[in-house]
$ cat target00.pdb   # PDB, C-alpha atoms and all ligand atoms
MODEL        1
ATOM      1  CA  MET A   3       7.570  -6.315 -10.147
ATOM      2  CA  LEU A   4       8.919  -3.111  -8.521
ATOM      3  CA  LYS A   5      11.343  -4.695  -6.045
ATOM      4  CA  GLY A   6      14.467  -2.519  -5.733
ATOM      5  CA  LYS A   7      12.648   0.570  -7.025
ATOM      6  CA  THR A   8      11.804   3.625  -4.935
ATOM      7  CA  ALA A   9       8.591   5.608  -5.276
ATOM      8  CA  LEU A  10       8.114   9.115  -3.908
ATOM      9  CA  VAL A  11       4.406   9.885  -3.543
ATOM     10  CA  THR A  12       3.482  13.428  -2.524
ATOM     11  CA  GLY A  13       0.427  13.776  -0.308
ATOM     12  CA  SER A  14       0.469  10.093   0.654
ATOM     13  CA  THR A  15      -0.653  10.385   4.266
ATOM     14  CA  SER A  16      -4.267  10.243   3.085
ATOM     15  CA  GLY A  17      -6.735   9.352   0.342
ATOM     16  CA  ILE A  18      -5.575   8.694  -3.219
ATOM     17  CA  GLY A  19      -1.864   9.181  -2.491
ATOM     18  CA  LEU A  20      -1.986   6.569   0.263
ATOM     19  CA  GLY A  21      -3.866   4.192  -2.071
ATOM     20  CA  ILE A  22      -1.228   4.618  -4.777
ATOM     21  CA  ALA A  23       1.643   4.244  -2.275
ATOM     22  CA  LYS A  24       0.125   0.982  -0.996
ATOM     23  CA  ALA A  25      -0.387  -0.380  -4.519
ATOM     24  CA  LEU A  26       3.252   0.383  -5.456
ATOM     25  CA  ALA A  27       4.472  -1.088  -2.141
ATOM     26  CA  ALA A  28       2.455  -4.240  -2.804
ATOM     27  CA  GLN A  29       4.615  -4.614  -5.937
ATOM     28  CA  GLY A  30       7.777  -4.305  -3.823
ATOM     29  CA  ALA A  31       8.687  -0.610  -4.199
ATOM     30  CA  ASN A  32      10.157   1.209  -1.221
ATOM     31  CA  ILE A  33       8.136   4.328  -0.474
ATOM     32  CA  VAL A  34       8.995   7.903   0.398
ATOM     33  CA  MET A  35       5.816   9.298   1.882
ATOM     34  CA  ASN A  36       4.935  12.976   2.110
ATOM     35  CA  GLY A  37       2.010  14.901   3.532
ATOM     36  CA  PHE A  38       0.529  16.297   6.710
ATOM     37  CA  GLY A  39      -1.636  14.911   9.516
ATOM     38  CA  ASP A  40      -1.242  11.441  10.987
ATOM     39  CA  VAL A  41       1.926   9.847   9.609
ATOM     40  CA  ALA A  42       2.392   6.831  11.912
ATOM     41  CA  GLY A  43      -0.886   5.083  10.944
ATOM     42  CA  PRO A  44      -0.509   5.290   7.138
ATOM     43  CA  LYS A  45       3.240   4.550   7.416
ATOM     44  CA  ALA A  46       2.490   1.351   9.339
ATOM     45  CA  GLU A  47      -0.105   0.353   6.701
ATOM     46  CA  ILE A  48       2.536   0.619   3.962
ATOM     47  CA  GLU A  49       5.268  -1.046   6.034
ATOM     48  CA  ALA A  50       2.932  -4.005   6.602
ATOM     49  CA  LEU A  51       3.390  -4.729   2.886
ATOM     50  CA  GLY A  52       7.035  -5.618   3.594
ATOM     51  CA  VAL A  53       8.845  -2.607   2.120
ATOM     52  CA  LYS A  54      10.956   0.212   3.559
ATOM     53  CA  VAL A  55       9.094   3.467   4.174
ATOM     54  CA  ALA A  56      10.379   6.941   5.024
ATOM     55  CA  HIS A  57       8.353  10.127   5.468
ATOM     56  CA  HIS A  58       9.366  13.671   4.569
ATOM     57  CA  GLY A  59       7.110  16.493   5.702
ATOM     58  CA  ALA A  60       7.856  18.970   2.886
ATOM     59  CA  ASP A  61       5.219  21.604   2.262
ATOM     60  CA  VAL A  62       5.107  21.182  -1.514
ATOM     61  CA  SER A  63       4.005  24.778  -2.013
ATOM     62  CA  LYS A  64       7.658  25.642  -1.226
ATOM     63  CA  PRO A  65      10.265  24.740  -3.892
ATOM     64  CA  ALA A  66      13.136  24.657  -1.349
ATOM     65  CA  GLU A  67      11.259  22.049   0.708
ATOM     66  CA  ILE A  68      10.641  19.934  -2.410
ATOM     67  CA  GLU A  69      14.365  20.054  -3.143
ATOM     68  CA  ALA A  70      15.119  18.962   0.438
ATOM     69  CA  MET A  71      12.628  16.082   0.024
ATOM     70  CA  LEU A  72      14.282  14.843  -3.190
ATOM     71  CA  LYS A  73      17.705  14.990  -1.479
ATOM     72  CA  PHE A  74      16.271  13.105   1.512
ATOM     73  CA  ALA A  75      14.835  10.409  -0.794
ATOM     74  CA  ALA A  76      18.177   9.968  -2.564
ATOM     75  CA  ALA A  77      20.009   9.761   0.774
ATOM     76  CA  GLU A  78      17.538   7.190   2.174
ATOM     77  CA  PHE A  79      17.108   4.925  -0.847
ATOM     78  CA  GLY A  80      19.732   5.924  -3.441
ATOM     79  CA  GLN A  81      17.370   7.263  -6.100
ATOM     80  CA  VAL A  82      13.753   8.046  -6.978
ATOM     81  CA  ASP A  83      12.547   5.766  -9.792
ATOM     82  CA  ILE A  84       8.857   6.577  -9.565
ATOM     83  CA  LEU A  85       7.530  10.051  -8.794
ATOM     84  CA  VAL A  86       3.830  10.456  -8.102
ATOM     85  CA  ASN A  87       2.779  14.109  -7.981
ATOM     86  CA  ASN A  88      -0.428  13.738  -6.018
ATOM     87  CA  ALA A  89      -0.659  16.369  -3.260
ATOM     88  CA  GLY A  90      -3.562  18.679  -3.867
ATOM     89  CA  ILE A  91      -6.139  20.934  -2.247
ATOM     90  CA  GLN A  92      -9.495  22.345  -3.284
ATOM     91  CA  HIS A  93     -11.382  25.605  -2.752
ATOM     92  CA  VAL A  94     -14.858  26.333  -4.061
ATOM     93  CA  ALA A  95     -16.093  29.879  -4.808
ATOM     94  CA  ARG A  96     -17.149  32.006  -7.783
ATOM     95  CA  ILE A  97     -14.247  33.870  -9.414
ATOM     96  CA  GLU A  98     -15.368  37.300  -8.181
ATOM     97  CA  ASN A  99     -15.342  35.961  -4.614
ATOM     98  CA  PHE A 100     -12.303  33.669  -4.932
ATOM     99  CA  SER A 101      -9.657  34.291  -2.272
ATOM    100  CA  VAL A 102      -6.358  35.392  -3.847
ATOM    101  CA  GLU A 103      -4.446  33.418  -1.199
ATOM    102  CA  LYS A 104      -6.394  30.251  -2.094
ATOM    103  CA  TRP A 105      -5.709  30.814  -5.805
ATOM    104  CA  ASP A 106      -1.957  31.107  -5.140
ATOM    105  CA  ALA A 107      -1.955  28.073  -2.832
ATOM    106  CA  ILE A 108      -3.823  25.854  -5.311
ATOM    107  CA  ILE A 109      -1.542  26.823  -8.198
ATOM    108  CA  ALA A 110       1.521  26.188  -6.007
ATOM    109  CA  ILE A 111       0.388  22.862  -4.519
ATOM    110  CA  ASN A 112      -1.618  21.337  -7.397
ATOM    111  CA  LEU A 113       0.594  22.523 -10.283
ATOM    112  CA  SER A 114       3.966  24.151  -9.541
ATOM    113  CA  SER A 115       4.939  21.403  -7.066
ATOM    114  CA  ALA A 116       4.762  18.871  -9.920
ATOM    115  CA  PHE A 117       7.058  21.039 -12.058
ATOM    116  CA  HIS A 118       9.607  21.348  -9.246
ATOM    117  CA  ALA A 119       9.566  17.671  -8.240
ATOM    118  CA  THR A 120       9.771  16.627 -11.899
ATOM    119  CA  ARG A 121      12.683  18.913 -12.796
ATOM    120  CA  LEU A 122      14.586  17.669  -9.727
ATOM    121  CA  ALA A 123      13.803  13.956 -10.230
ATOM    122  CA  LEU A 124      14.440  13.794 -13.988
ATOM    123  CA  PRO A 125      18.283  13.848 -14.173
ATOM    124  CA  ALA A 126      18.662  10.641 -12.102
ATOM    125  CA  MET A 127      15.851   8.937 -14.045
ATOM    126  CA  GLN A 128      17.469   9.896 -17.357
ATOM    127  CA  ALA A 129      20.839   8.523 -16.192
ATOM    128  CA  ALA A 130      19.379   5.205 -14.961
ATOM    129  CA  ASN A 131      19.650   1.884 -16.790
ATOM    130  CA  GLY A 132      23.135   2.613 -18.135
ATOM    131  CA  GLY A 133      22.094   5.967 -19.566
ATOM    132  CA  LYS A 134      19.069   4.593 -21.457
ATOM    133  CA  GLY A 135      16.895   5.960 -18.708
ATOM    134  CA  TRP A 136      14.193   4.421 -16.548
ATOM    135  CA  GLY A 137      11.583   6.345 -14.652
ATOM    136  CA  ARG A 138       7.886   6.809 -14.167
ATOM    137  CA  ILE A 139       6.301  10.176 -13.449
ATOM    138  CA  ILE A 140       2.611   9.984 -12.648
ATOM    139  CA  ASN A 141       0.668  13.202 -12.191
ATOM    140  CA  VAL A 142      -2.618  12.920 -10.337
ATOM    141  CA  ALA A 143      -4.749  15.391 -12.261
ATOM    142  CA  SER A 144      -8.542  15.032 -12.275
ATOM    143  CA  ALA A 145     -11.592  14.849 -14.497
ATOM    144  CA  HIS A 146     -11.253  18.587 -13.871
ATOM    145  CA  GLY A 147      -8.004  18.410 -15.857
ATOM    146  CA  LEU A 148     -10.120  17.746 -18.942
ATOM    147  CA  VAL A 149     -13.470  19.447 -18.310
ATOM    148  CA  ALA A 150     -14.608  22.213 -15.971
ATOM    149  CA  SER A 151     -17.148  22.810 -13.236
ATOM    150  CA  ALA A 152     -18.301  26.179 -11.955
ATOM    151  CA  GLU A 153     -16.746  27.608  -8.792
ATOM    152  CA  LYS A 154     -13.473  25.688  -9.152
ATOM    153  CA  SER A 155     -11.403  28.183 -11.173
ATOM    154  CA  ALA A 156      -8.028  27.596  -9.528
ATOM    155  CA  TYR A 157      -8.437  23.825  -9.324
ATOM    156  CA  VAL A 158      -9.601  23.460 -12.942
ATOM    157  CA  ALA A 159      -6.851  25.795 -14.193
ATOM    158  CA  ALA A 160      -4.173  23.919 -12.225
ATOM    159  CA  LYS A 161      -5.383  20.479 -13.301
ATOM    160  CA  HIS A 162      -5.681  21.444 -17.000
ATOM    161  CA  ALA A 163      -2.143  22.831 -16.790
ATOM    162  CA  LEU A 164      -0.948  19.658 -15.068
ATOM    163  CA  VAL A 165      -2.229  17.639 -18.025
ATOM    164  CA  GLY A 166      -0.241  19.982 -20.293
ATOM    165  CA  LEU A 167       2.895  19.573 -18.172
ATOM    166  CA  THR A 168       2.408  15.792 -18.365
ATOM    167  CA  LYS A 169       2.456  15.914 -22.173
ATOM    168  CA  VAL A 170       5.594  18.095 -22.318
ATOM    169  CA  THR A 171       7.414  15.857 -19.825
ATOM    170  CA  ALA A 172       6.443  12.800 -21.877
ATOM    171  CA  LEU A 173       7.630  14.378 -25.144
ATOM    172  CA  GLU A 174      10.956  15.591 -23.793
ATOM    173  CA  ASN A 175      11.758  12.030 -22.652
ATOM    174  CA  ALA A 176      10.065  10.099 -25.432
ATOM    175  CA  THR A 177      13.215   8.341 -26.664
ATOM    176  CA  SER A 178      14.222   7.237 -23.160
ATOM    177  CA  GLY A 179      12.841   4.809 -20.602
ATOM    178  CA  VAL A 180      11.280   7.683 -18.685
ATOM    179  CA  THR A 181       7.526   8.004 -19.139
ATOM    180  CA  CYS A 182       5.081  10.555 -17.807
ATOM    181  CA  ASN A 183       1.309  10.133 -17.650
ATOM    182  CA  ALA A 184      -1.631  11.646 -15.809
ATOM    183  CA  ILE A 185      -4.422   9.969 -13.904
ATOM    184  CA  CYS A 186      -7.761  11.800 -13.993
ATOM    185  CA  PRO A 187     -10.111  10.521 -11.302
ATOM    186  CA  GLY A 188     -13.773  11.408 -11.037
ATOM    187  CA  TRP A 189     -15.205  11.497  -7.502
ATOM    188  CA  VAL A 190     -13.220   9.560  -4.888
ATOM    189  CA  LEU A 191     -14.527   9.519  -1.315
ATOM    190  CA  THR A 192     -11.505  11.007   0.484
ATOM    191  CA  PRO A 193     -11.317  13.740   3.154
ATOM    192  CA  MET A 194     -11.129  16.311   0.303
ATOM    193  CA  VAL A 195     -14.516  15.220  -1.085
ATOM    194  CA  GLN A 196     -16.045  14.612   2.339
ATOM    195  CA  LYS A 197     -15.561  18.361   3.016
ATOM    196  CA  GLN A 198     -17.471  19.185  -0.193
ATOM    197  CA  LEU A 199     -20.233  16.724   0.737
ATOM    198  CA  ASP A 200     -20.580  18.220   4.216
ATOM    199  CA  ALA A 201     -20.804  21.734   2.686
ATOM    200  CA  LYS A 202     -23.454  20.590   0.182
ATOM    201  CA  ALA A 203     -25.535  18.858   2.875
ATOM    202  CA  LYS A 204     -25.371  21.979   5.067
ATOM    203  CA  ALA A 205     -26.167  24.426   2.236
ATOM    204  CA  LEU A 206     -29.181  22.411   1.014
ATOM    205  CA  GLY A 207     -30.348  21.247   4.448
ATOM    206  CA  ILE A 208     -30.175  17.594   3.391
ATOM    207  CA  SER A 209     -28.571  14.481   4.856
ATOM    208  CA  ASN A 210     -25.056  13.363   3.985
ATOM    209  CA  GLU A 211     -26.535  10.338   2.145
ATOM    210  CA  GLU A 212     -28.797  12.582   0.024
ATOM    211  CA  ALA A 213     -25.869  14.912  -0.693
ATOM    212  CA  THR A 214     -23.799  11.911  -1.831
ATOM    213  CA  VAL A 215     -26.506  10.750  -4.251
ATOM    214  CA  GLN A 216     -26.870  14.286  -5.659
ATOM    215  CA  LEU A 217     -23.105  14.724  -6.046
ATOM    216  CA  LEU A 218     -22.746  11.472  -7.982
ATOM    217  CA  GLN A 219     -25.912  11.996 -10.083
ATOM    218  CA  GLU A 220     -24.628  15.378 -11.233
ATOM    219  CA  LYS A 221     -21.443  13.968 -12.868
ATOM    220  CA  GLU A 222     -20.962  10.209 -12.654
ATOM    221  CA  PRO A 223     -23.273   7.904 -14.645
ATOM    222  CA  SER A 224     -21.956   4.906 -12.674
ATOM    223  CA  LEU A 225     -23.295   6.505  -9.463
ATOM    224  CA  GLN A 226     -20.216   5.064  -7.767
ATOM    225  CA  PHE A 227     -17.085   6.558  -6.314
ATOM    226  CA  THR A 228     -13.764   5.493  -7.832
ATOM    227  CA  THR A 229     -11.561   4.018  -5.084
ATOM    228  CA  PRO A 230      -7.929   4.747  -4.127
ATOM    229  CA  GLU A 231      -7.272   1.014  -4.699
ATOM    230  CA  GLU A 232      -8.504   1.227  -8.317
ATOM    231  CA  LEU A 233      -6.341   4.300  -8.910
ATOM    232  CA  GLY A 234      -3.398   2.476  -7.327
ATOM    233  CA  ALA A 235      -3.855  -0.368  -9.811
ATOM    234  CA  LEU A 236      -3.724   2.135 -12.694
ATOM    235  CA  ALA A 237      -0.482   3.596 -11.303
ATOM    236  CA  VAL A 238       0.960   0.065 -11.131
ATOM    237  CA  PHE A 239       0.031  -0.451 -14.787
ATOM    238  CA  PHE A 240       1.939   2.715 -15.780
ATOM    239  CA  CYS A 241       4.978   1.311 -13.898
ATOM    240  CA  SER A 242       4.732  -2.140 -15.505
ATOM    241  CA  PRO A 243       6.548  -3.255 -18.669
ATOM    242  CA  ALA A 244       3.191  -2.991 -20.490
ATOM    243  CA  GLY A 245       3.367   0.752 -19.762
ATOM    244  CA  ASN A 246       6.771   1.216 -21.413
ATOM    245  CA  ASN A 247       5.370   3.077 -24.401
ATOM    246  CA  VAL A 248       2.381   4.768 -22.777
ATOM    247  CA  ARG A 249       3.460   8.410 -22.955
ATOM    248  CA  GLY A 250       1.619  11.613 -22.210
ATOM    249  CA  VAL A 251      -1.852  10.176 -21.696
ATOM    250  CA  ALA A 252      -4.468  11.665 -19.393
ATOM    251  CA  TRP A 253      -6.355   8.557 -18.318
ATOM    252  CA  ASN A 254      -9.727   9.201 -16.773
ATOM    253  CA  MET A 255     -11.169   6.751 -14.244
ATOM    254  CA  ASP A 256     -14.409   8.548 -13.637
ATOM    255  CA  GLY A 257     -17.525   6.374 -13.792
ATOM    256  CA  GLY A 258     -18.347   7.738 -17.257
ATOM    257  CA  TRP A 259     -18.132  11.451 -16.325
ATOM    258  CA  LEU A 260     -16.238  12.359 -19.503
ATOM    259  CA  ALA A 261     -18.152  10.040 -21.820
ATOM    260  CA  GLN A 262     -21.189  12.349 -21.641
TER
HETATM  261  P1  LIG B   1      -6.765  14.241   0.592
HETATM  262  O1  LIG B   1      -7.145  15.550   1.186
HETATM  263  O2  LIG B   1      -7.283  12.969   1.173
HETATM  264  O3  LIG B   1      -5.162  14.106   0.517
HETATM  265  C1  LIG B   1      -4.362  15.175   0.140
HETATM  266  C2  LIG B   1      -2.937  14.869   0.551
HETATM  267  O4  LIG B   1      -2.106  15.969   0.158
HETATM  268  C3  LIG B   1      -2.759  14.691   2.058
HETATM  269  O5  LIG B   1      -1.779  13.711   2.310
HETATM  270  C4  LIG B   1      -2.270  16.077   2.500
HETATM  271  O6  LIG B   1      -1.533  16.049   3.722
HETATM  272  C5  LIG B   1      -1.394  16.415   1.303
HETATM  273  N1  LIG B   1      -1.108  17.838   1.174
HETATM  274  C6  LIG B   1      -1.978  18.882   1.095
HETATM  275  N2  LIG B   1      -1.305  20.027   1.006
HETATM  276  C7  LIG B   1       0.019  19.722   1.007
HETATM  277  C8  LIG B   1       1.203  20.489   0.937
HETATM  278  N3  LIG B   1       1.182  21.825   0.860
HETATM  279  N4  LIG B   1       2.388  19.829   0.990
HETATM  280  C9  LIG B   1       2.444  18.485   1.102
HETATM  281  N5  LIG B   1       1.340  17.706   1.166
HETATM  282  C10 LIG B   1       0.146  18.329   1.124
HETATM  283  O7  LIG B   1      -7.164  14.394  -0.948
HETATM  284  P2  LIG B   1      -7.347  13.335  -2.123
HETATM  285  O8  LIG B   1      -8.772  13.365  -2.507
HETATM  286  O9  LIG B   1      -6.685  12.050  -1.813
HETATM  287  O10 LIG B   1      -6.539  14.101  -3.268
HETATM  288  C11 LIG B   1      -5.297  13.666  -3.782
HETATM  289  C12 LIG B   1      -5.135  14.184  -5.188
HETATM  290  O11 LIG B   1      -6.155  13.640  -6.015
HETATM  291  C13 LIG B   1      -5.261  15.711  -5.297
HETATM  292  O12 LIG B   1      -4.316  16.200  -6.221
HETATM  293  C14 LIG B   1      -6.670  15.888  -5.831
HETATM  294  O13 LIG B   1      -6.805  17.082  -6.553
HETATM  295  C15 LIG B   1      -6.790  14.676  -6.731
HETATM  296  N6  LIG B   1      -8.168  14.296  -7.037
HETATM  297  C16 LIG B   1      -9.051  13.960  -6.044
HETATM  298  C17 LIG B   1     -10.341  13.591  -6.399
HETATM  299  C18 LIG B   1     -11.364  13.177  -5.367
HETATM  300  O14 LIG B   1     -12.540  13.014  -5.742
HETATM  301  N7  LIG B   1     -11.008  12.979  -4.124
HETATM  302  C19 LIG B   1     -10.724  13.581  -7.735
HETATM  303  C20 LIG B   1      -9.811  13.934  -8.707
HETATM  304  C21 LIG B   1      -8.527  14.287  -8.346
ENDMDL
END
$ encode --input "target00.pdb" --output "C-alpha cells"
Amino acid sequence: MLKGKTALVTGSTSGIGLGIAKALAAQGANIVMNGFGDVAGPKAEIEALGVKVAHHGADVSKPAEIEAMLKFAAAEFGQVDILVNNAGIQHVARIENFSVEKWDAIIAINLSSAFHATRLALPAMQAANGGKGWGRIINVASAHGLVASAEKSAYVAAKHALVGLTKVTALENATSGVTCNAICPGWVLTPMVQKQLDAKAKALGISNEEATVQLLQEKEPSLQFTTPEELGALAVFFCSPAGNNVRGVAWNMDGGWLAQ
C-alpha cells in the first residue's frame, strides 16, 4: 500500500518509533530512521522487510539538526511523504523540584521538534500529487496529551500542546491531501517505561512484577500494555485511503485509561 512512499520516523531506534517504522515498512515504505543508541540492529530489522532504510542521527532538540535531517531524507529518497514525530523523553518530579534543564529538554524534544519537522516537511507534501497534496503527519502524543498525572508537568504540557499543534496542522491543510493526526498511547513497555517501573520498584521496595501490576492498575482497566505493533497498525490506518478524511484527531489506544 505504501510502496514508493518514504516515511521519516523520529526516535525510531527503539520502542514505539521502531514499531511504527516496521509497520510502515511492512506496507512497502522506505524508512528514514532517527534516534540514538544501537542503530545497526533496528536498521537490520526494518531492512528485513524488503525496503530501503537510512539513518540520520539528528538530535531533535536542535532545529538546525532537524533541518539537516529533512535535507538528508530528500537527498536519499527524493521526498518525505510520511512524517512521524515520535522522539520523546520523560522526567518525573514535582514542579517545585523539577529541573529547569529537564523542562527545556522535554519541551524541545517532545514538542518543538514536531513543529520544526512539520514546517520543513509540509511544502513538499503540499506540492505532491500534482499540487493537490499528499502527506501524512502523525504525532505520537500520549494519554498524557489528554489528561494529566502528577509529577509530569513538562511531559503533560508538551503532549497537550502537541495535540493542539496536530489540530492546527490538520486545519491548515484540510482542503489538501495532507492529513495530520495524533496517536495517544497509554502504557507501552518500552525502555522509557521500564525506567519508571524500576524507579517505582526501588522506591516501594517491591519486585518489578508487583510494580508492573500496580502501574497498570492505577490507570489501565485492561491491565495490559499497548504494544508498538498495535500502534504501528494505527499509523498504517492513518496512511491508508480509509484515513484520507481523518483530520486532527487524537486517537487514544490506552486500555480504557481515558474512558474512566
Ligand atoms: P524509547 O525511550 O523507547 O524511545 C525513544 C526514542 O527517541 C529513541 O529512539 C531515542 O533514541 C529517541 N530520542 C530521544 N531523545 C532524542 C533526541 N533528542 N533526538 C533524537 N532522538 C531522540 O521511548 P518510547 O516509549 O518508545 O517513546 C516514544 C514516544 O512515545 C515518545 O514521544 C513518548 O512520549 C511516547 N509515549 C510513550 C508511552 C509509553 O508508555 N512508552 C506512552 C505514551 C506516549
$ axis_aligned_box --input "target00.pdb" --around "ligand LIG 1 (chain B)" --padding-each-side "3 Å" --output "AutoDock Vina command-line options"
--center_x -5.0 --center_y 16.9 --center_z -2.5 --size_x 21.0 --size_y 15.8 --size_z 18.4
$ resolve_selection --input "target00.pdb" --expression "the PyMOL selection byres (((not hetatm)) within 7 of (chain B and resi 1))" --output "JSON, numbers by chain"
{"A": [12, 13, 14, 15, 16, 17, 18, 19, 36, 37, 38, 39, 59, 60, 61, 62, 63, 88, 89, 90, 91, 92, 111, 112, 142, 143, 144, 145, 186, 187, 188, 189, 190, 191, 192, 193, 194, 195]}
$ residues_around --input "target00.pdb" --residues "Ile84 of chain A" --least-positions-apart "4" --cutoff "9 Å" --atoms "only C-alpha atoms" --output "PDB file with C-alpha atoms, in the frame of the given file"
ATOM      1  CA  LYS A   7      12.648   0.570  -7.025  1.00  0.00           C
ATOM      2  CA  THR A   8      11.804   3.625  -4.935  1.00  0.00           C
ATOM      3  CA  ALA A   9       8.591   5.608  -5.276  1.00  0.00           C
ATOM      4  CA  LEU A  10       8.114   9.115  -3.908  1.00  0.00           C
ATOM      5  CA  VAL A  11       4.406   9.885  -3.543  1.00  0.00           C
ATOM      6  CA  ALA A  31       8.687  -0.610  -4.199  1.00  0.00           C
ATOM      7  CA  ALA A 123      13.803  13.956 -10.230  1.00  0.00           C
ATOM      8  CA  MET A 127      15.851   8.937 -14.045  1.00  0.00           C
ATOM      9  CA  GLY A 137      11.583   6.345 -14.652  1.00  0.00           C
ATOM     10  CA  ARG A 138       7.886   6.809 -14.167  1.00  0.00           C
ATOM     11  CA  ILE A 139       6.301  10.176 -13.449  1.00  0.00           C
ATOM     12  CA  ILE A 140       2.611   9.984 -12.648  1.00  0.00           C
ATOM     13  CA  CYS A 241       4.978   1.311 -13.898  1.00  0.00           C
TER      14      CYS A 241
END
$ closest_residue --input "target00.pdb" --among "A:Gly147, A:Leu122, A:Gly30, A:Thr171" --to "Glu67 of chain A" --atoms "only C-alpha atoms"
A:Leu122
$ atom_distance --input "target00.pdb" --atom1 "atom CA of Ala23 of chain A" --atom2 "atom CA of Glu222 of chain A"
25.6 Å
$ atom_distance --input "target00.pdb" --atom1 "atom CA of Asp83 of chain A" --atom2 "atom CA of Asn141 of chain A"
14.2 Å
$ closest_residue --input "target00.pdb" --among "A:Val94, A:Val34, A:Gly132, A:Glu232" --to "Lys202 of chain A" --atoms "only C-alpha atoms"
A:Val94
$ residues_around --input "target00.pdb" --residues "Ala176 of chain A" --least-positions-apart "6" --cutoff "10 Å" --atoms "only C-alpha atoms" --output "VMD selection string"
chain A and resid 170 182 247 to 250
$ resolve_selection --input "target00.pdb" --expression "the PyMOL selection byres (((chain A and resi 158) around 12) and not hetatm)" --output "number ranges by chain"
A: 90-94, 97, 105, 108-109, 112-113, 143-157, 159-165, 186
$ atom_distance --input "target00.pdb" --atom1 "atom CA of Leu236 of chain A" --atom2 "atom CA of Ala172 of chain A"
17.4 Å
$ closest_residue --input "target00.pdb" --among "A:Leu20, A:Leu199, A:Ala110, A:Ala76" --to "Pro230 of chain A" --atoms "only C-alpha atoms"
A:Leu20
$ closest_residue --input "target00.pdb" --among "A:Leu51, A:Ala261, A:Ala66, A:Met255" --to "Lys5 of chain A" --atoms "all atoms listed in the file"
A:Leu51
$ residues_near_point --input "target00.pdb" --point "(13.7, -1.6, 3.5)" --cutoff "10 Å" --atoms "only C-alpha atoms" --output "list in words"
Gly6, Gly30, Ala31, Asn32, Ile33, Glu49, Gly52, Val53, Lys54, Val55, Ala56, Glu78 and Phe79 of chain A
$ write_last_selection --input "target00.pdb" --atoms "C-alpha atoms" --output "mmCIF file, in the coordinates of the input"
data_model
loop_
_atom_site.group_PDB
_atom_site.id
_atom_site.type_symbol
_atom_site.label_atom_id
_atom_site.label_comp_id
_atom_site.auth_asym_id
_atom_site.auth_seq_id
_atom_site.Cartn_x
_atom_site.Cartn_y
_atom_site.Cartn_z
ATOM 1 C CA GLY A 6 14.467 -2.519 -5.733
ATOM 2 C CA GLY A 30 7.777 -4.305 -3.823
ATOM 3 C CA ALA A 31 8.687 -0.610 -4.199
ATOM 4 C CA ASN A 32 10.157 1.209 -1.221
ATOM 5 C CA ILE A 33 8.136 4.328 -0.474
ATOM 6 C CA GLU A 49 5.268 -1.046 6.034
ATOM 7 C CA GLY A 52 7.035 -5.618 3.594
ATOM 8 C CA VAL A 53 8.845 -2.607 2.120
ATOM 9 C CA LYS A 54 10.956 0.212 3.559
ATOM 10 C CA VAL A 55 9.094 3.467 4.174
ATOM 11 C CA ALA A 56 10.379 6.941 5.024
ATOM 12 C CA GLU A 78 17.538 7.190 2.174
ATOM 13 C CA PHE A 79 17.108 4.925 -0.847
#
$ closest_residue --input "target00.pdb" --among "A:Ala213, A:Ala116, A:Gly257, A:Lys73" --to "Gln226 of chain A" --atoms "all atoms listed in the file"
A:Gly257
$ closest_residue --input "target00.pdb" --among "A:Glu231, A:Glu98, A:Asp106, A:Glu69" --to "Ala119 of chain A" --atoms "only C-alpha atoms"
A:Glu69
$ residues_around --input "target00.pdb" --residues "Trp136 of chain A" --least-positions-apart "3" --cutoff "10 Å" --atoms "all atoms listed in the file" --output "ChimeraX atom specification"
/A:83-84,124,126-133,178-181,246
$ write_last_selection --input "target00.pdb" --atoms "C-alpha atoms" --output "mmCIF file, in the coordinates of the input"
data_model
loop_
_atom_site.group_PDB
_atom_site.id
_atom_site.type_symbol
_atom_site.label_atom_id
_atom_site.label_comp_id
_atom_site.auth_asym_id
_atom_site.auth_seq_id
_atom_site.Cartn_x
_atom_site.Cartn_y
_atom_site.Cartn_z
ATOM 1 C CA ASP A 83 12.547 5.766 -9.792
ATOM 2 C CA ILE A 84 8.857 6.577 -9.565
ATOM 3 C CA LEU A 124 14.440 13.794 -13.988
ATOM 4 C CA ALA A 126 18.662 10.641 -12.102
ATOM 5 C CA MET A 127 15.851 8.937 -14.045
ATOM 6 C CA GLN A 128 17.469 9.896 -17.357
ATOM 7 C CA ALA A 129 20.839 8.523 -16.192
ATOM 8 C CA ALA A 130 19.379 5.205 -14.961
ATOM 9 C CA ASN A 131 19.650 1.884 -16.790
ATOM 10 C CA GLY A 132 23.135 2.613 -18.135
ATOM 11 C CA GLY A 133 22.094 5.967 -19.566
ATOM 12 C CA SER A 178 14.222 7.237 -23.160
ATOM 13 C CA GLY A 179 12.841 4.809 -20.602
ATOM 14 C CA VAL A 180 11.280 7.683 -18.685
ATOM 15 C CA THR A 181 7.526 8.004 -19.139
ATOM 16 C CA ASN A 246 6.771 1.216 -21.413
#
$ resolve_selection --input "target00.pdb" --expression "the PyMOL selection byres (((chain A and resi 262) around 10) and not hetatm)" --output "list in words"
Lys221, Glu222, Pro223, Gly258, Trp259, Leu260 and Ala261 of chain A
$ decode --input "target00.pdb" --residues "segment 146-159 of chain A" --atoms "C-alpha atoms" --output "mmCIF file, in the first residue's frame"
data_model
loop_
_atom_site.group_PDB
_atom_site.id
_atom_site.type_symbol
_atom_site.label_atom_id
_atom_site.label_comp_id
_atom_site.auth_asym_id
_atom_site.auth_seq_id
_atom_site.Cartn_x
_atom_site.Cartn_y
_atom_site.Cartn_z
ATOM 1 C CA HIS A 146 -0.964 12.472 28.840
ATOM 2 C CA GLY A 147 -1.858 14.659 25.848
ATOM 3 C CA LEU A 148 -5.471 14.484 27.009
ATOM 4 C CA VAL A 149 -5.344 14.018 30.788
ATOM 5 C CA ALA A 150 -2.690 14.670 33.425
ATOM 6 C CA SER A 151 -0.780 12.816 36.109
ATOM 7 C CA ALA A 152 1.108 14.382 38.991
ATOM 8 C CA GLU A 153 4.869 14.866 38.718
ATOM 9 C CA LYS A 154 4.896 15.010 34.910
ATOM 10 C CA SER A 155 4.475 18.764 34.336
ATOM 11 C CA ALA A 156 6.763 19.146 31.326
ATOM 12 C CA TYR A 157 5.627 15.922 29.666
ATOM 13 C CA VAL A 158 1.907 16.642 30.142
ATOM 14 C CA ALA A 159 2.330 20.255 28.978
#
